[in-house]
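**Student:** First, the structure itself, so that you have it in front of you.
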Amino acid sequence: MFKYLYFLIALLLYIVSLPYLLIKSRKDKYRNAIPAKFFLKNNTKLPQNKIWFHSCSMGETRALKPIFERFNSDDLALSVITNTGYEEGIKLTKNLKYLPFEIFLPFWIRKQKALFVMEAELWYMLFLVAKSKGAKTYLINARINDKSYSSYKRFSFFYKHIFENIDAIFAQSELDKERLALLGGKNIEVIGNIKLVNLPKITKNIEKPNGTLITAGSTHEREEKLILDSWDRNQGRLVIVPRHPERFLSVYQMIEDKCLNTKLTFHKWSEKADFKSDIVLVDVMGELNNIYAISDVVILGGSFINTAGGHNPIEPAFFGCKLISGKVIFNQKSLFEAVNDFYLIEADELKLHLDKIPTLNNASIGEVGDIEPIIKCIANL
């Protein structure tokens with residue numbers, strides 16, 4: 001009875017949303033995703049008898065890479081929700097599709113060996129239909145954060161129906177395991193966060209200068225000016241690492257203008273690989289993690305503008321930096337969820353945070369995940 005009622009509600013929601021979806025699909029950003037998910041345009045069924053993974057966006061999809069590398073990609077399939085997830089999925093397998101809206105799933109899903117769903121993608125029809133067609137069903141890297149837990153409890157009657165169709169769960173932590181069990185989850189094993197399997201590495205050791213070192217990493221146009229206007233020498237030495245090499249010269253000229261008629265010193269890393277100046281422009285590639293490793297504070301670029309969607313917070317957090325980011329992190333939300341003690345701020349709050357560096361907390365990452373239980377599970381199918 002529940003599944004028919006749920007399908008009817010989903011169908012009504014779909015019909016009501018049709019005008020909005022048609023308008024939204026005209027935008028370049030959604031030109032492929034919305035027609036594929038809501039009208040099945042160029043979205044044929046996944047091939048059958050595969051090991052099927054489903055993830056949402058870039059971060060979750062990227063976290064699957066170490067698993068996909070252990071198997072023949074022809075034996076695996078992947079569905080995603082977002083454009084960025086699709087772009088990342090292309091690197092993993094040719095068996096890639098957008099996941100259609102739930103009313104289409106009974107007709108779209110073929111028999112698969114297993115379904116592995118990342119994190120919080122708890123779609124009722126997805127698990128129900130996959131299991132009814134013979135797939136073993138798993139929830140992997142499962143988590144329920146503090147902010148969401150009250151909502152999960154409020155709708156526990158609904159989640160009970162979802163977990164009835166999930167055979168086993170690989171959770172991030174003991175707390176997640178406890179919460180998932182209370183909601184009806186079963187056969188739960190804690191394996192840590194698999195987004196943290198591939199941790200950043202340094203390629204060489206760089207000597208740390210005396211005092212506070214502030215690194216602005218992967219900055220984009222307009223962000224360097226914001227950072228230079230918010231920074232002063234009393235806060236520490238400043239290192240700027242632009243995201244795109246073609247902007248090295250223009251950023252250097254901006255730094256030169258900042259230091260004109262002042263006692264501030266500056267230089268390019270390509271000319272002198274040290275931090276003896278007040279401001280250093282890193283105008284070479286491949287040094288960012290080496291510099292993060294000795295930085296006290298990181299201002300993460302791509303997050304104060306509307307286009308980039310942020311950059312990877314795992315890298316500076318792994319090295320224990322004090323982590324400051326803008327709030328535009330739509331491409332990195334899932335990775336920020338794996339980080340503790342970071343600061344998401346508006347552009348006009350940057351100077352305030354740089355002025356109070358000694359009081360800021362150092363970022364850290366959660367429990368590093370172990371993919372071997374998932375690999376063993378797949379091997380035994």
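Numbering starts fresh at 1 for the residues of each chain in the structure tokens, the chains themselves are lettered A, B, ... in the order given, and ligands are numbered from 1 as they appear.
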Show me, as an MDAnalysis selection string, the residues that have an atom within 10 Å of Leu182 in chain A when counting only C-alpha atoms, minus same-chain residues fewer than 6 positions from it.
**Tutor:** chainID A and resid 153 156 160 176
**Student:** Could you list, as number ranges by chain, every residue within 10 Å of Glu372 in chain A, counting only C-alpha atoms and ignoring same-chain residues fewer than 4 positions away?
**Tutor:** A: 67, 191, 376-378
**Student:** Between CA of Asn83 in chain A and CA of Glu119 in chain A, what is the spacing in Å?
**Tutor:**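 Straight-line distance from CA of Glu119 in chain A to CA of Asn83 in chain A works out to 18.1 Å.
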**Student:** Report as a tab-separated table: every residue of range 331-359 of chain A with an atom at most 10 Å from range 227-232 of chain A, its closest pair of atoms, and their distance in Å to one decimal, counting only C-alpha atoms, with rows sorted by chain and ascending residue number.
**Tutor:**
```
residue	atom	partner	partner_atom	distance
A:Ala347	CA	A:Ile227	CA	9.0
A:Asp348	CA	A:Ser230	CA	8.5
A:Glu349	CA	A:Ser230	CA	8.8
A:Leu350	CA	A:Ser230	CA	6.2
A:Lys351	CA	A:Ser230	CA	4.4
A:Leu352	CA	A:Ser230	CA	8.2
A:His353	CA	A:Ser230	CA	9.3
A:Leu354	CA	A:Trp231	CA	7.0
A:Asp355	CA	A:Trp231	CA	8.4
```
**Student:** In Å, with one decimal, what is the gap from CA of Asp283 in chain A to CA of Ser334 in chain A?
**Tutor:**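 Those two atoms sit 29.5 Å apart.
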**Student:** If you run DSSP on the backbone, which residues of range 123-229 of chain A are helix (DSSP H, G or I), as an NGL selection string?
**Tutor:** :A and (124-132 or 146-154 or 156-163 or 174-182 or 194-196 or 223-229)
**Student:** Could you write those residues out with N, CA and C atoms, as a tab-separated table (two decimals), in the first residue's frame?
**Tutor:**
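Output saved as out_9.tsv:
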```tsv
chain	number	residue	atom	x	y	z
A	124	TYR	N	13.46	6.33	-2.13
A	124	TYR	CA	12.66	5.15	-1.83
A	124	TYR	C	12.51	4.23	-3.03
A	125	MET	N	12.10	4.76	-4.19
A	125	MET	CA	11.87	3.93	-5.35
A	125	MET	C	13.16	3.32	-5.89
A	126	LEU	N	14.26	3.99	-5.70
A	126	LEU	CA	15.55	3.48	-6.17
A	126	LEU	C	15.87	2.14	-5.50
A	127	PHE	N	15.80	2.11	-4.18
A	127	PHE	CA	16.10	0.87	-3.46
A	127	PHE	C	15.01	-0.18	-3.67
A	128	LEU	N	13.76	0.25	-3.64
A	128	LEU	CA	12.65	-0.70	-3.78
A	128	LEU	C	12.71	-1.42	-5.12
A	129	VAL	N	12.86	-0.67	-6.21
A	129	VAL	CA	12.83	-1.27	-7.54
A	129	VAL	C	14.08	-2.11	-7.79
A	130	ALA	N	15.24	-1.59	-7.40
A	130	ALA	CA	16.48	-2.35	-7.61
A	130	ALA	C	16.42	-3.69	-6.88
A	131	LYS	N	15.94	-3.67	-5.64
A	131	LYS	CA	15.85	-4.91	-4.86
A	131	LYS	C	14.80	-5.86	-5.43
A	132	SER	N	13.68	-5.31	-5.88
A	132	SER	CA	12.61	-6.16	-6.42
A	132	SER	C	13.03	-6.84	-7.71
A	146	ASP	N	24.64	16.14	12.54
A	146	ASP	CA	23.84	16.70	13.64
A	146	ASP	C	22.70	17.56	13.13
A	147	LYS	N	22.98	18.35	12.10
A	147	LYS	CA	21.99	19.28	11.57
A	147	LYS	C	20.78	18.55	11.00
A	148	SER	N	21.01	17.40	10.39
A	148	SER	CA	19.94	16.67	9.70
A	148	SER	C	19.21	15.67	10.59
A	149	TYR	N	19.82	15.30	11.71
A	149	TYR	CA	19.31	14.18	12.48
A	149	TYR	C	17.88	14.41	12.97
A	150	SER	N	17.57	15.63	13.42
A	150	SER	CA	16.22	15.90	13.93
A	150	SER	C	15.18	15.71	12.82
A	151	SER	N	15.55	16.09	11.59
A	151	SER	CA	14.63	15.91	10.47
A	151	SER	C	14.43	14.43	10.16
A	152	TYR	N	15.51	13.67	10.21
A	152	TYR	CA	15.40	12.22	9.99
A	152	TYR	C	14.47	11.59	11.03
A	153	LYS	N	14.62	11.99	12.28
A	153	LYS	CA	13.78	11.42	13.36
A	153	LYS	C	12.32	11.81	13.17
A	154	ARG	N	12.07	13.03	12.72
A	154	ARG	CA	10.70	13.49	12.52
A	154	ARG	C	9.98	12.65	11.47
A	156	SER	N	10.85	9.46	10.67
A	156	SER	CA	11.40	8.10	10.85
A	156	SER	C	10.48	7.03	10.26
A	157	PHE	N	9.16	7.28	10.28
A	157	PHE	CA	8.23	6.32	9.71
A	157	PHE	C	8.50	6.11	8.22
A	158	PHE	N	8.91	7.19	7.54
A	158	PHE	CA	9.21	7.12	6.10
A	158	PHE	C	10.53	6.40	5.87
A	159	TYR	N	11.56	6.77	6.64
A	159	TYR	CA	12.88	6.16	6.45
A	159	TYR	C	12.86	4.67	6.81
A	160	LYS	N	11.96	4.28	7.68
A	160	LYS	CA	11.82	2.85	8.00
A	160	LYS	C	11.50	2.06	6.74
A	161	HIS	N	10.65	2.60	5.88
A	161	HIS	CA	10.29	1.93	4.62
A	161	HIS	C	11.50	1.86	3.68
A	162	ILE	N	12.31	2.89	3.67
A	162	ILE	CA	13.50	2.89	2.81
A	162	ILE	C	14.48	1.82	3.29
A	163	PHE	N	14.76	1.80	4.59
A	163	PHE	CA	15.77	0.87	5.11
A	163	PHE	C	15.32	-0.59	5.04
A	174	GLU	N	30.81	5.50	14.37
A	174	GLU	CA	29.96	4.79	15.33
A	174	GLU	C	28.68	5.58	15.61
A	175	LEU	N	28.78	6.92	15.64
A	175	LEU	CA	27.60	7.74	15.86
A	175	LEU	C	26.63	7.60	14.68
A	176	ASP	N	27.17	7.58	13.47
A	176	ASP	CA	26.32	7.36	12.29
A	176	ASP	C	25.65	5.99	12.37
A	177	LYS	N	26.40	5.00	12.79
A	177	LYS	CA	25.85	3.64	12.93
A	177	LYS	C	24.68	3.63	13.90
A	178	GLU	N	24.85	4.29	15.03
A	178	GLU	CA	23.80	4.34	16.05
A	178	GLU	C	22.55	5.02	15.50
A	179	ARG	N	22.73	6.13	14.81
A	179	ARG	CA	21.59	6.87	14.27
A	179	ARG	C	20.89	6.09	13.16
A	180	LEU	N	21.67	5.46	12.30
A	180	LEU	CA	21.09	4.68	11.21
A	180	LEU	C	20.29	3.49	11.75
A	181	ALA	N	20.81	2.87	12.81
A	181	ALA	CA	20.11	1.74	13.41
A	181	ALA	C	18.77	2.17	14.01
A	182	LEU	N	18.74	3.33	14.62
A	182	LEU	CA	17.49	3.84	15.21
A	182	LEU	C	16.44	4.13	14.14
A	194	ILE	N	35.15	7.25	3.09
A	194	ILE	CA	35.95	6.83	1.94
A	194	ILE	C	36.37	8.02	1.06
A	195	LYS	N	35.81	9.20	1.32
A	195	LYS	CA	36.31	10.39	0.62
A	195	LYS	C	37.73	10.72	1.05
A	196	LEU	N	38.14	10.15	2.17
A	196	LEU	CA	39.46	10.45	2.72
A	196	LEU	C	40.46	9.33	2.44
A	223	GLU	N	39.32	37.69	-6.60
A	223	GLU	CA	39.61	37.24	-5.24
A	223	GLU	C	40.95	37.76	-4.73
A	224	GLU	N	41.94	37.88	-5.61
A	224	GLU	CA	43.23	38.39	-5.16
A	224	GLU	C	43.11	39.82	-4.63
A	225	LYS	N	42.31	40.64	-5.30
A	225	LYS	CA	42.12	42.02	-4.82
A	225	LYS	C	41.45	42.02	-3.45
A	226	LEU	N	40.44	41.18	-3.28
A	226	LEU	CA	39.77	41.06	-1.99
A	226	LEU	C	40.78	40.68	-0.90
A	227	ILE	N	41.62	39.71	-1.21
A	227	ILE	CA	42.59	39.24	-0.22
A	227	ILE	C	43.63	40.31	0.09
A	228	LEU	N	44.14	40.96	-0.94
A	228	LEU	CA	45.14	42.01	-0.73
A	228	LEU	C	44.56	43.19	0.05
A	229	ASP	N	43.30	43.52	-0.19
A	229	ASP	CA	42.66	44.61	0.52
A	229	ASP	C	42.37	44.24	1.98
```
